[in-house]
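Printed here is work.txt (compact mmCIF, C-alpha atoms):
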```txt
# COMPACT_ATOMS: atom_id res chain seq x y z
CA MET D 173 53.36 -156.96 -65.17
CA GLN D 174 55.48 -158.83 -62.67
CA ALA D 175 55.62 -162.08 -64.66
CA LYS D 176 58.51 -162.45 -67.09
CA ILE D 177 56.80 -164.18 -70.01
CA ARG D 178 58.91 -166.03 -72.58
CA LYS D 179 56.06 -167.41 -74.62
CA ILE D 180 52.27 -167.46 -74.92
CA ALA D 181 50.37 -170.07 -76.93
CA VAL D 182 46.62 -170.38 -77.44
CA PHE D 183 44.87 -173.54 -78.66
CA LEU D 184 41.29 -173.97 -79.88
CA GLU D 185 39.68 -177.40 -80.04
CA GLU D 186 36.31 -178.03 -81.71
CA THR D 187 34.50 -181.36 -81.80
CA HIS D 188 32.12 -181.67 -84.75
CA LEU D 189 31.65 -185.45 -84.86
CA GLU D 190 31.63 -188.06 -82.07
CA MET D 191 30.82 -191.78 -82.45
CA GLY D 192 29.49 -191.07 -85.94
CA ARG D 193 27.07 -188.44 -84.65
CA GLU D 194 27.15 -184.81 -85.67
CA ILE D 195 27.73 -182.39 -82.80
CA SER D 196 25.85 -179.21 -83.56
CA PRO D 197 26.80 -176.78 -82.37
CA ALA D 198 30.32 -178.11 -81.98
CA THR D 199 31.72 -178.37 -78.46
CA ARG D 200 34.65 -175.98 -78.06
CA LYS D 201 37.54 -175.58 -75.64
CA ALA D 202 40.26 -172.95 -75.67
CA THR D 203 43.48 -173.22 -73.69
CA ALA D 204 45.83 -170.29 -73.16
CA VAL D 205 49.34 -171.10 -71.94
CA ALA D 206 52.12 -168.84 -70.68
CA VAL D 207 55.70 -169.90 -70.13
CA ILE D 208 57.15 -167.72 -67.40
CA GLU D 209 60.37 -167.36 -65.48
CA ASN D 210 60.25 -168.94 -62.04
CA PRO D 211 61.65 -166.21 -59.76
CA LEU D 212 62.18 -168.78 -56.99
CA ALA D 213 63.91 -171.47 -59.07
CA GLY D 214 66.82 -173.14 -57.33
CA GLN D 215 66.06 -171.77 -53.87
CA TYR D 216 63.81 -172.55 -50.94
CA GLN D 217 61.67 -169.58 -49.94
CA ASP D 218 59.06 -169.47 -47.17
CA ASP D 219 57.40 -166.41 -48.67
CA LEU D 220 55.67 -167.28 -51.97
CA GLU D 221 54.06 -163.84 -52.41
CA ALA D 222 55.85 -163.14 -55.71
CA LEU D 223 54.31 -166.25 -57.26
CA MET D 224 50.88 -165.44 -55.84
CA GLU D 225 50.98 -162.02 -57.53
CA ILE D 226 51.98 -163.67 -60.79
CA GLY D 227 49.04 -166.04 -60.39
CA ALA D 228 46.62 -163.11 -60.35
CA GLU D 229 48.22 -161.74 -63.52
CA MET D 230 47.94 -165.14 -65.21
CA GLY D 231 44.27 -165.53 -64.27
CA ASP D 232 43.45 -162.26 -65.98
CA LEU D 233 45.71 -162.58 -69.02
CA LEU D 234 45.11 -166.25 -69.82
CA GLY D 235 41.41 -166.14 -68.97
CA ARG D 236 40.87 -163.26 -71.38
CA ARG D 237 42.97 -164.94 -74.09
CA ALA D 238 40.96 -168.17 -73.83
CA VAL D 239 37.61 -166.35 -74.02
CA GLU D 240 38.87 -164.32 -77.01
CA ALA D 241 39.93 -167.53 -78.77
CA LEU D 242 36.40 -168.88 -78.39
CA GLY D 243 35.01 -165.62 -79.81
CA ILE D 244 32.27 -165.45 -77.18
CA ALA D 245 31.06 -162.97 -74.59
CA PRO D 246 32.55 -163.80 -71.18
CA GLU D 247 29.13 -164.78 -69.81
CA ALA D 248 28.80 -167.46 -72.53
CA ALA D 249 31.69 -169.45 -71.05
CA GLU D 250 30.41 -172.56 -69.28
CA SER D 251 33.52 -174.36 -67.97
CA TYR D 252 36.96 -173.49 -66.72
CA GLY D 253 40.12 -175.05 -65.37
CA LYS D 254 43.74 -174.27 -64.56
CA ALA D 255 47.07 -176.10 -64.40
CA ALA D 256 50.79 -175.47 -63.97
CA MET D 257 53.97 -177.44 -64.66
CA VAL D 258 57.14 -176.44 -62.83
CA GLY D 259 60.58 -177.04 -64.34
CA GLU D 260 63.19 -179.13 -62.51
CA ASN D 261 64.71 -176.24 -60.53
CA GLY D 262 61.37 -175.38 -58.97
CA GLU D 263 59.07 -177.23 -56.59
CA LEU D 264 55.47 -178.32 -56.67
CA GLU D 265 54.56 -175.64 -54.14
CA HIS D 266 55.53 -173.01 -56.73
CA ALA D 267 52.74 -174.31 -58.98
CA ALA D 268 50.34 -174.23 -56.03
CA ALA D 269 51.27 -170.62 -55.26
CA ILE D 270 50.56 -169.59 -58.85
CA LEU D 271 47.24 -171.46 -59.07
CA HIS D 272 45.46 -171.22 -55.76
CA PRO D 273 45.44 -168.05 -53.72
CA ARG D 274 44.81 -165.45 -56.45
CA LEU D 275 44.44 -166.84 -59.98
CA GLY D 276 40.74 -167.65 -59.55
CA ALA D 277 39.27 -164.20 -58.94
CA PRO D 278 40.55 -162.56 -62.16
CA LEU D 279 39.68 -165.73 -64.11
CA ARG D 280 36.11 -165.45 -62.85
CA VAL D 281 35.99 -161.86 -64.11
CA ALA D 282 37.30 -163.01 -67.52
CA VAL D 283 34.50 -165.59 -67.80
CA GLY D 284 31.76 -163.30 -66.48
CA LYS D 285 31.21 -165.00 -63.10
CA GLY D 286 32.02 -168.41 -61.68
CA ALA D 287 30.71 -169.67 -58.35
CA ALA D 288 32.33 -173.12 -58.47
CA LEU D 289 35.89 -173.92 -57.52
CA VAL D 290 38.24 -173.88 -60.50
CA PRO D 291 39.49 -177.45 -61.09
CA SER D 292 43.28 -177.64 -61.14
CA SER D 293 46.30 -179.83 -61.63
CA LYS D 294 49.96 -179.28 -60.94
CA LYS D 295 53.09 -181.23 -61.70
CA MET D 296 56.81 -181.04 -62.25
CA GLY D 297 58.16 -181.73 -65.70
CA GLY D 298 60.24 -180.63 -68.60
CA PRO D 299 60.04 -179.62 -72.24
CA GLY D 300 57.46 -181.46 -74.29
CA GLN D 301 55.68 -183.14 -71.39
CA ILE D 302 51.90 -183.14 -71.36
CA LEU D 303 50.01 -180.97 -68.89
CA ASP D 304 46.44 -182.06 -68.15
CA VAL D 305 44.00 -179.20 -67.53
CA PRO D 306 40.78 -180.37 -65.83
CA LEU D 307 37.50 -178.65 -66.61
CA GLY D 308 34.31 -178.22 -64.62
CA HIS D 309 31.19 -176.07 -64.91
CA LYS D 310 31.98 -172.56 -63.72
CA ASP D 311 28.82 -172.10 -61.66
CA ALA D 312 27.96 -175.58 -60.33
CA ALA D 313 30.49 -178.30 -59.58
CA TYR D 314 27.87 -181.09 -59.72
CA VAL D 315 27.09 -180.67 -63.43
CA ARG D 316 28.52 -183.99 -64.68
CA SER D 317 28.18 -183.14 -68.37
CA HIS D 318 30.98 -180.61 -67.87
CA PHE D 319 33.48 -182.93 -66.10
CA ASP D 320 36.17 -182.88 -68.76
CA ALA D 321 39.81 -182.04 -69.47
CA THR D 322 42.13 -180.88 -72.17
CA VAL D 323 45.88 -181.27 -72.61
CA VAL D 324 48.70 -178.98 -73.67
CA SER D 325 52.31 -179.59 -74.54
CA LEU D 326 55.02 -177.21 -75.74
CA ASN D 327 58.15 -178.71 -77.24
CA ASP D 328 60.46 -176.27 -75.43
CA ALA D 329 58.73 -175.71 -72.09
CA PRO D 330 59.02 -175.64 -69.23
CA ARG D 331 62.76 -175.26 -69.03
CA ALA D 332 64.49 -175.86 -65.68
CA ASN D 333 63.89 -172.31 -64.37
CA GLU D 334 60.38 -171.86 -65.80
CA ILE D 335 56.75 -172.53 -65.03
CA MET D 336 54.17 -173.35 -67.71
CA VAL D 337 50.76 -171.98 -66.65
CA ALA D 338 47.54 -172.92 -68.47
CA VAL D 339 43.93 -171.79 -68.29
CA ALA D 340 41.20 -173.59 -70.22
CA VAL D 341 37.70 -172.30 -70.95
CA ALA D 342 34.86 -174.13 -72.73
CA ASP D 343 31.59 -172.90 -74.16
CA SER D 344 29.85 -176.24 -73.55
CA GLY D 345 30.17 -179.61 -71.87
CA ARG D 346 31.31 -182.90 -73.38
CA PRO D 347 29.80 -184.02 -76.66
CA LEU D 348 26.91 -186.49 -76.17
CA PRO D 349 26.78 -186.39 -72.33
CA ARG D 350 24.54 -189.08 -70.83
CA VAL D 351 25.71 -190.07 -67.36
CA GLY D 352 22.91 -188.26 -65.54
CA GLY D 353 23.20 -185.85 -62.67
CA LEU D 354 22.44 -182.16 -62.46
CA THR D 355 22.05 -180.49 -65.86
CA LYS D 356 23.17 -176.96 -66.63
CA ASP D 357 19.52 -175.94 -66.94
CA GLU D 358 18.91 -177.06 -63.33
CA ILE D 359 21.66 -174.92 -61.74
CA SER D 360 20.37 -172.91 -58.77
CA GLY D 361 23.55 -170.86 -58.45
CA LYS D 362 23.47 -170.60 -54.69
CA ASP D 363 26.53 -172.46 -53.46
CA GLY D 364 28.89 -173.26 -56.35
CA LEU D 365 27.89 -176.91 -56.11
CA ARG D 366 24.35 -177.03 -57.45
```

Take the structure in the file and give it back as structure tokens.
Amino acid sequence: MQAKIRKIAVFLEETHLEMGREISPATRKATAVAVIENPLAGQYQDDLEALMEIGAEMGDLLGRRAVEALGIAPEAAESYGKAAMVGENGELEHAAAILHPRLGAPLRVAVGKGAALVPSSKKMGGPGQILDVPLGHKDAAYVRSHFDATVVSLNDAPRANEIMVAVAVADSGRPLPRVGGLTKDEISGKDGLR
């Protein structure tokens, strides 16, 4: 593995009750986070290939960890998302290099498909700051019931020369969705949108 990982954390969130109503089965989200060394910290570099390779590693590793935390078969995953926070000696483009060119393909393998774009967020920050990880249905971007997010925070990351990378996977949409739109049962699976 090319990534130098200092720490991995995995979080599982289950919602059993919302607005006094029982949610059965519970809606569940898992977020896997890796804190890695930023090999380009403190320097400008035109070539971001090293970070792109790390992104592919993170898509595989964190995608598998999130699915394992949910205890489901990969195909049972319904939503996914990704995010990265770069420490102060990095730049926002470092997060983009990790997230965009190559992280998606191995994440799609980890969740047993995925035709829709993987929602993402990126920011600069320091230890203890919150990183928002957006979620969307993995096969159809227009499924409103799956527009969601989760948050992660680690008290000691990212340090100045690090990047905190997160992948979230859910086995359902929001609890009690009722804003209309395409439902997951109506997905045609042809274009990643519908």

Excluding Ala175 of chain D and residues on its chain fewer than 2 positions from it, collect all residues at most 12 Å away from it, counting all atoms listed in the file, and give them as a count of residues only. 26

Between atom CA of Ser360 of chain D and atom CA of Ala245 of chain D, what is the distance, to one decimal in Å? 21.5 Å

Quick one: which segment 304-356 of chain D residues come within 8 Å of segment 292-295 of chain D, and what is the nearest atom pair for each with the distance in Å to one decimal, counting only C-alpha atoms, rows ordered by chain and ascending number, as a tab-separated table?
```
residue	atom	partner	partner_atom	distance
D:Asp304	CA	D:Ser293	CA	6.9
D:Val305	CA	D:Ser293	CA	6.4
D:Pro306	CA	D:Ser292	CA	6.0
```

Compile the contact shell of Gly262 of chain D as a PyMOL selection string: residues with an atom at most 8 Å away, counting all atoms listed in the file, same-chain residues fewer than 6 positions apart removed. chain D and resi 210+212-215+296+332-334

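Atom CA of Ser251 of chain D is found 16.9 Å from atom CA of Val324 of chain D.
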
Within 10 Å of segment 188-204 of chain D, counting only C-alpha atoms, which residues qualify if same-chain residues fewer than 2 places away don't, as a VMD selection string? chain D and resid 180 to 186 206 230 233 to 243 249 251 to 254 305 307 321 to 324 337 to 348

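Atom CA of Pro246 of chain D to atom CA of Ala277 of chain D spans 14.0 Å [interatomic distance, one decimal].
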
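Nearest residue to Asp311 of chain D among D:Leu264, D:Val258, D:Val351, D:Val290 is D:Val290, counting all atoms listed in the file.
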